[in-house]
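Colleague: So that you have it, the file is work.pdb, and it contains PDB, C-alpha atoms, pLDDT in the B column:
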ATOM      1  CA  MET A   1      76.297  91.871 103.377  1.00 91.00           C
ATOM      2  CA  LEU A   2      78.656  88.915 103.748  1.00 90.00           C
ATOM      3  CA  ASN A   3      79.375  89.927 107.333  1.00 92.00           C
ATOM      4  CA  ALA A   4      75.646  89.796 108.134  1.00 93.00           C
ATOM      5  CA  LEU A   5      75.398  86.365 106.516  1.00 94.00           C
ATOM      6  CA  ALA A   6      78.343  85.198 108.607  1.00 94.00           C
ATOM      7  CA  TYR A   7      76.611  86.436 111.768  1.00 95.00           C
ATOM      8  CA  ILE A   8      73.373  84.667 110.810  1.00 95.00           C
ATOM      9  CA  THR A   9      75.208  81.433 110.033  1.00 95.00           C
ATOM     10  CA  GLY A  10      77.088  81.688 113.327  1.00 94.00           C
ATOM     11  CA  LEU A  11      73.876  82.314 115.235  1.00 95.00           C
ATOM     12  CA  ILE A  12      72.188  79.270 113.683  1.00 95.00           C
ATOM     13  CA  SER A  13      75.275  77.219 114.520  1.00 95.00           C
ATOM     14  CA  LEU A  14      75.266  78.524 118.083  1.00 94.00           C
ATOM     15  CA  ILE A  15      71.631  77.470 118.459  1.00 95.00           C
ATOM     16  CA  ILE A  16      72.713  73.950 117.463  1.00 94.00           C
ATOM     17  CA  VAL A  17      75.894  73.951 119.578  1.00 93.00           C
ATOM     18  CA  ILE A  18      74.329  75.073 122.880  1.00 94.00           C
ATOM     19  CA  PRO A  19      72.112  71.982 123.354  1.00 92.00           C
ATOM     20  CA  ALA A  20      75.003  69.822 122.123  1.00 89.00           C
ATOM     21  CA  GLN A  21      76.821  70.569 125.384  1.00 88.00           C
ATOM     22  CA  ILE A  22      74.480  68.115 127.131  1.00 87.00           C
ATOM     23  CA  PRO A  23      75.949  64.601 127.414  1.00 84.00           C
ATOM     24  CA  LEU A  24      74.897  62.203 124.621  1.00 84.00           C
ATOM     25  CA  LEU A  25      73.978  65.117 122.349  1.00 84.00           C
ATOM     26  CA  GLY A  26      77.543  65.829 121.247  1.00 84.00           C
ATOM     27  CA  TRP A  27      76.773  64.415 117.800  1.00 86.00           C
ATOM     28  CA  ALA A  28      74.950  67.691 117.076  1.00 89.00           C
ATOM     29  CA  ASN A  29      78.350  69.416 116.995  1.00 89.00           C
ATOM     30  CA  TRP A  30      79.134  67.416 113.854  1.00 90.00           C
ATOM     31  CA  VAL A  31      75.973  68.882 112.310  1.00 91.00           C
ATOM     32  CA  ALA A  32      77.022  72.400 113.289  1.00 92.00           C
ATOM     33  CA  LEU A  33      80.631  72.185 112.067  1.00 93.00           C
ATOM     34  CA  PRO A  34      79.888  72.547 108.321  1.00 94.00           C
ATOM     35  CA  LEU A  35      77.683  75.560 109.064  1.00 94.00           C
ATOM     36  CA  ILE A  36      80.429  77.116 111.158  1.00 95.00           C
ATOM     37  CA  VAL A  37      82.970  76.609 108.375  1.00 95.00           C
ATOM     38  CA  ILE A  38      80.604  78.270 105.892  1.00 95.00           C
ATOM     39  CA  GLY A  39      80.235  81.196 108.318  1.00 94.00           C
ATOM     40  CA  VAL A  40      84.014  81.508 108.679  1.00 95.00           C
ATOM     41  CA  ILE A  41      84.418  81.546 104.891  1.00 95.00           C
ATOM     42  CA  LEU A  42      81.703  84.169 104.470  1.00 94.00           C
ATOM     43  CA  GLY A  43      83.271  86.255 107.232  1.00 93.00           C
ATOM     44  CA  ALA A  44      86.695  85.968 105.617  1.00 94.00           C
ATOM     45  CA  LEU A  45      85.302  87.220 102.320  1.00 94.00           C
ATOM     46  CA  SER A  46      83.712  90.219 104.054  1.00 91.00           C
ATOM     47  CA  SER A  47      85.493  93.522 104.541  1.00 91.00           C
ATOM     48  CA  LYS A  48      84.730  93.414 108.285  1.00 91.00           C
ATOM     49  CA  ASP A  49      85.788  90.621 110.581  1.00 88.00           C
ATOM     50  CA  GLY A  50      83.110  90.574 113.299  1.00 92.00           C
ATOM     51  CA  GLY A  51      81.119  87.739 111.733  1.00 92.00           C
ATOM     52  CA  ARG A  52      84.244  85.683 111.161  1.00 93.00           C
ATOM     53  CA  ASN A  53      85.368  86.152 114.753  1.00 95.00           C
ATOM     54  CA  PHE A  54      81.920  85.178 116.057  1.00 95.00           C
ATOM     55  CA  CYS A  55      81.991  81.981 113.986  1.00 95.00           C
ATOM     56  CA  LEU A  56      85.492  81.208 115.231  1.00 95.00           C
ATOM     57  CA  VAL A  57      84.299  81.483 118.843  1.00 96.00           C
ATOM     58  CA  VAL A  58      81.422  79.098 118.090  1.00 95.00           C
ATOM     59  CA  LEU A  59      83.927  76.768 116.390  1.00 94.00           C
ATOM     60  CA  LEU A  60      86.112  76.875 119.503  1.00 94.00           C
ATOM     61  CA  ILE A  61      83.159  75.933 121.730  1.00 93.00           C
ATOM     62  CA  ALA A  62      82.146  73.043 119.451  1.00 92.00           C
ATOM     63  CA  GLY A  63      85.744  71.864 119.057  1.00 90.00           C
ATOM     64  CA  VAL A  64      86.432  71.797 122.784  1.00 91.00           C
ATOM     65  CA  ARG A  65      83.215  69.866 123.396  1.00 90.00           C
ATOM     66  CA  LEU A  66      84.146  67.328 120.723  1.00 88.00           C
ATOM     67  CA  MET A  67      87.621  66.875 122.221  1.00 89.00           C
ATOM     68  CA  LEU A  68      86.185  66.373 125.708  1.00 85.00           C
ATOM     69  CA  GLY A  69      83.668  63.835 124.434  1.00 81.00           C
ATOM     70  CA  GLY A  70      86.183  61.915 122.377  1.00 79.00           C
ATOM     71  CA  GLY A  71      84.696  63.144 119.101  1.00 70.00           C
ATOM     72  CA  ILE A  72      81.668  60.871 119.155  1.00 65.00           C
ATOM     73  CA  ILE A  73      79.278  61.545 122.035  1.00 58.00           C
TER      74      ILE A  73
END
Go ahead and express the file in the form of structure tokens.

Modeller:
Amino acid sequence: MLNALAYITGLISLIIVIPAQIPLLGWANWVALPLIVIGVILGALSSKDGGRNFCLVVLLIAGVRLMLGGGII
């Protein structure tokens, strides 16, 4: 059950992160980061690690975008 919740949290975060790749919408990554962390925690508590890995990939995408944009835009 926790793995499914991690997938759902990661999917909601991915829906936020995809439009945040557009210039001047990078602030949306800051909105998605707490959701991604919650998904990683739920995935870590699960017996399977698919949801955790999915959230980590979304975290990588958001993190790279924040580094490229200087963390603000």

Colleague: What residues come out when you apply the PyMOL selection byres ((chain A and resi 13) around 8) to this file, written as an mmCIF file with C-alpha atoms, in the frame of the given file?

Modeller:
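Final output, saved to selection.cif:
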data_model
loop_
_atom_site.group_PDB
_atom_site.id
_atom_site.type_symbol
_atom_site.label_atom_id
_atom_site.label_comp_id
_atom_site.auth_asym_id
_atom_site.auth_seq_id
_atom_site.Cartn_x
_atom_site.Cartn_y
_atom_site.Cartn_z
ATOM 1 C CA THR A 9 75.208 81.433 110.033
ATOM 2 C CA GLY A 10 77.088 81.688 113.327
ATOM 3 C CA LEU A 11 73.876 82.314 115.235
ATOM 4 C CA ILE A 12 72.188 79.270 113.683
ATOM 5 C CA LEU A 14 75.266 78.524 118.083
ATOM 6 C CA ILE A 15 71.631 77.470 118.459
ATOM 7 C CA ILE A 16 72.713 73.950 117.463
ATOM 8 C CA VAL A 17 75.894 73.951 119.578
ATOM 9 C CA ALA A 32 77.022 72.400 113.289
ATOM 10 C CA LEU A 33 80.631 72.185 112.067
ATOM 11 C CA LEU A 35 77.683 75.560 109.064
ATOM 12 C CA ILE A 36 80.429 77.116 111.158
ATOM 13 C CA VAL A 58 81.422 79.098 118.090
#

Colleague: Quick one: distance from CA of Tyr7 (chain A) to CA of Gly43 (chain A) in Å, one decimal?

Modeller: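 Separation between CA of Tyr7 (chain A) and CA of Gly43 (chain A): 8.1 Å.
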
Colleague: Can you work out which one of A:Pro19, A:Ala6, A:Phe54, A:Met1 has the shortest atom-to-atom distance to Ile38 (chain A), counting all atoms listed in the file?

Modeller: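 Checking each candidate against Ile38 (chain A), we get A:Ala6 as the closest.
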
Colleague: May I ask for the distance between CA of Ala28 (chain A) and CA of Leu45 (chain A), given in Å to one decimal place?

Modeller: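 Distance between the two atoms: 26.6 Å.
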
Colleague: Which of these, A:Val31, A:Ile18, A:Ile41, A:Leu60, has the shortest distance to Leu5 (chain A) once you count only C-alpha atoms?

Modeller: A:Ile41

Colleague: Just how far from CA of Ser46 (chain A) is CA of Trp30 (chain A), in Å to one decimal?

Modeller: 25.2 Å

Colleague: Restricting the calculation to only C-alpha atoms, which member of A:Ala44, A:Gly39, A:Gln21, A:Gly26 is positioned closest to Gly71 (chain A)?

Modeller: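 Using only C-alpha atoms, Gly71 (chain A) sits closest to A:Gly26.
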
Colleague: Nearest residue to Ile61 (chain A) out of A:Leu25, A:Ala20, A:Leu42, A:Ile8, using only C-alpha atoms?

Modeller: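 Using only C-alpha atoms, Ile61 (chain A) sits closest to A:Ala20.
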
Colleague: Which is closest to Ala4 (chain A) among A:Gly69, A:Gly51, A:Gly63, A:Pro34, if we use only C-alpha atoms?

Modeller: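 Result for the nearest residue to Ala4 (chain A): A:Gly51.
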
Colleague: Find the axis-aligned box for region 50-65 of chain A, covering all its listed atoms and adding 4 Å on each side, and write its centre and edge lengths in Å to one decimal as AutoDock Vina command-line options.

Modeller:
--center_x 83.8 --center_y 80.2 --center_z 117.3 --size_x 13.3 --size_y 28.7 --size_z 20.2

Colleague: Looking at A:Leu2, A:Asp49, A:Asn29, A:Leu24, which one is nearest to Arg65 (chain A), with distances taken over only C-alpha atoms?

Modeller: A:Asn29

Colleague: When you get a chance, write out N, CA and C atoms for region 48-70 of chain A, as an mmCIF file, in the frame of the given file.

Modeller:
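Once written, part_29.cif looks like this:
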data_model
loop_
_atom_site.group_PDB
_atom_site.id
_atom_site.type_symbol
_atom_site.label_atom_id
_atom_site.label_comp_id
_atom_site.auth_asym_id
_atom_site.auth_seq_id
_atom_site.Cartn_x
_atom_site.Cartn_y
_atom_site.Cartn_z
ATOM 1 N N LYS A 48 84.645 93.325 106.826
ATOM 2 C CA LYS A 48 84.730 93.414 108.285
ATOM 3 C C LYS A 48 84.971 92.022 108.844
ATOM 4 N N ASP A 49 85.482 91.947 110.064
ATOM 5 C CA ASP A 49 85.788 90.621 110.581
ATOM 6 C C ASP A 49 84.991 90.242 111.825
ATOM 7 N N GLY A 50 83.912 90.917 112.133
ATOM 8 C CA GLY A 50 83.110 90.574 113.299
ATOM 9 C C GLY A 50 82.401 89.237 113.144
ATOM 10 N N GLY A 51 81.814 89.000 111.975
ATOM 11 C CA GLY A 51 81.119 87.739 111.733
ATOM 12 C C GLY A 51 82.065 86.559 111.736
ATOM 13 N N ARG A 52 83.239 86.755 111.160
ATOM 14 C CA ARG A 52 84.244 85.683 111.161
ATOM 15 C C ARG A 52 84.688 85.345 112.573
ATOM 16 N N ASN A 53 84.936 86.377 113.375
ATOM 17 C CA ASN A 53 85.368 86.152 114.753
ATOM 18 C C ASN A 53 84.289 85.455 115.569
ATOM 19 N N PHE A 54 83.020 85.826 115.356
ATOM 20 C CA PHE A 54 81.920 85.178 116.057
ATOM 21 C C PHE A 54 81.853 83.701 115.693
ATOM 22 N N CYS A 55 82.001 83.378 114.421
ATOM 23 C CA CYS A 55 81.991 81.981 113.986
ATOM 24 C C CYS A 55 83.189 81.215 114.543
ATOM 25 N N LEU A 56 84.323 81.875 114.663
ATOM 26 C CA LEU A 56 85.492 81.208 115.231
ATOM 27 C C LEU A 56 85.295 80.889 116.712
ATOM 28 N N VAL A 57 84.597 81.760 117.436
ATOM 29 C CA VAL A 57 84.299 81.483 118.843
ATOM 30 C C VAL A 57 83.360 80.283 118.956
ATOM 31 N N VAL A 58 82.343 80.240 118.090
ATOM 32 C CA VAL A 58 81.422 79.098 118.090
ATOM 33 C C VAL A 58 82.180 77.820 117.712
ATOM 34 N N LEU A 59 83.104 77.914 116.775
ATOM 35 C CA LEU A 59 83.927 76.768 116.390
ATOM 36 C C LEU A 59 84.780 76.301 117.565
ATOM 37 N N LEU A 60 85.315 77.228 118.334
ATOM 38 C CA LEU A 60 86.112 76.875 119.503
ATOM 39 C C LEU A 60 85.268 76.126 120.535
ATOM 40 N N ILE A 61 84.053 76.596 120.773
ATOM 41 C CA ILE A 61 83.159 75.933 121.730
ATOM 42 C C ILE A 61 82.843 74.515 121.262
ATOM 43 N N ALA A 62 82.484 74.365 119.982
ATOM 44 C CA ALA A 62 82.146 73.043 119.451
ATOM 45 C C ALA A 62 83.371 72.133 119.443
ATOM 46 N N GLY A 63 84.527 72.670 119.107
ATOM 47 C CA GLY A 63 85.744 71.864 119.057
ATOM 48 C C GLY A 63 86.171 71.357 120.420
ATOM 49 N N VAL A 64 86.077 72.216 121.425
ATOM 50 C CA VAL A 64 86.432 71.797 122.784
ATOM 51 C C VAL A 64 85.478 70.720 123.258
ATOM 52 N N ARG A 65 84.197 70.872 122.975
ATOM 53 C CA ARG A 65 83.215 69.866 123.396
ATOM 54 C C ARG A 65 83.478 68.529 122.701
ATOM 55 N N LEU A 66 83.843 68.572 121.435
ATOM 56 C CA LEU A 66 84.146 67.328 120.723
ATOM 57 C C LEU A 66 85.400 66.675 121.279
ATOM 58 N N MET A 67 86.406 67.460 121.639
ATOM 59 C CA MET A 67 87.621 66.875 122.221
ATOM 60 C C MET A 67 87.330 66.256 123.580
ATOM 61 N N LEU A 68 86.520 66.904 124.382
ATOM 62 C CA LEU A 68 86.185 66.373 125.708
ATOM 63 C C LEU A 68 85.372 65.092 125.605
ATOM 64 N N GLY A 69 84.515 65.011 124.594
ATOM 65 C CA GLY A 69 83.668 63.835 124.434
ATOM 66 C C GLY A 69 84.295 62.740 123.607
ATOM 67 N N GLY A 70 85.519 62.918 123.177
ATOM 68 C CA GLY A 70 86.183 61.915 122.377
ATOM 69 C C GLY A 70 85.794 61.968 120.912
#
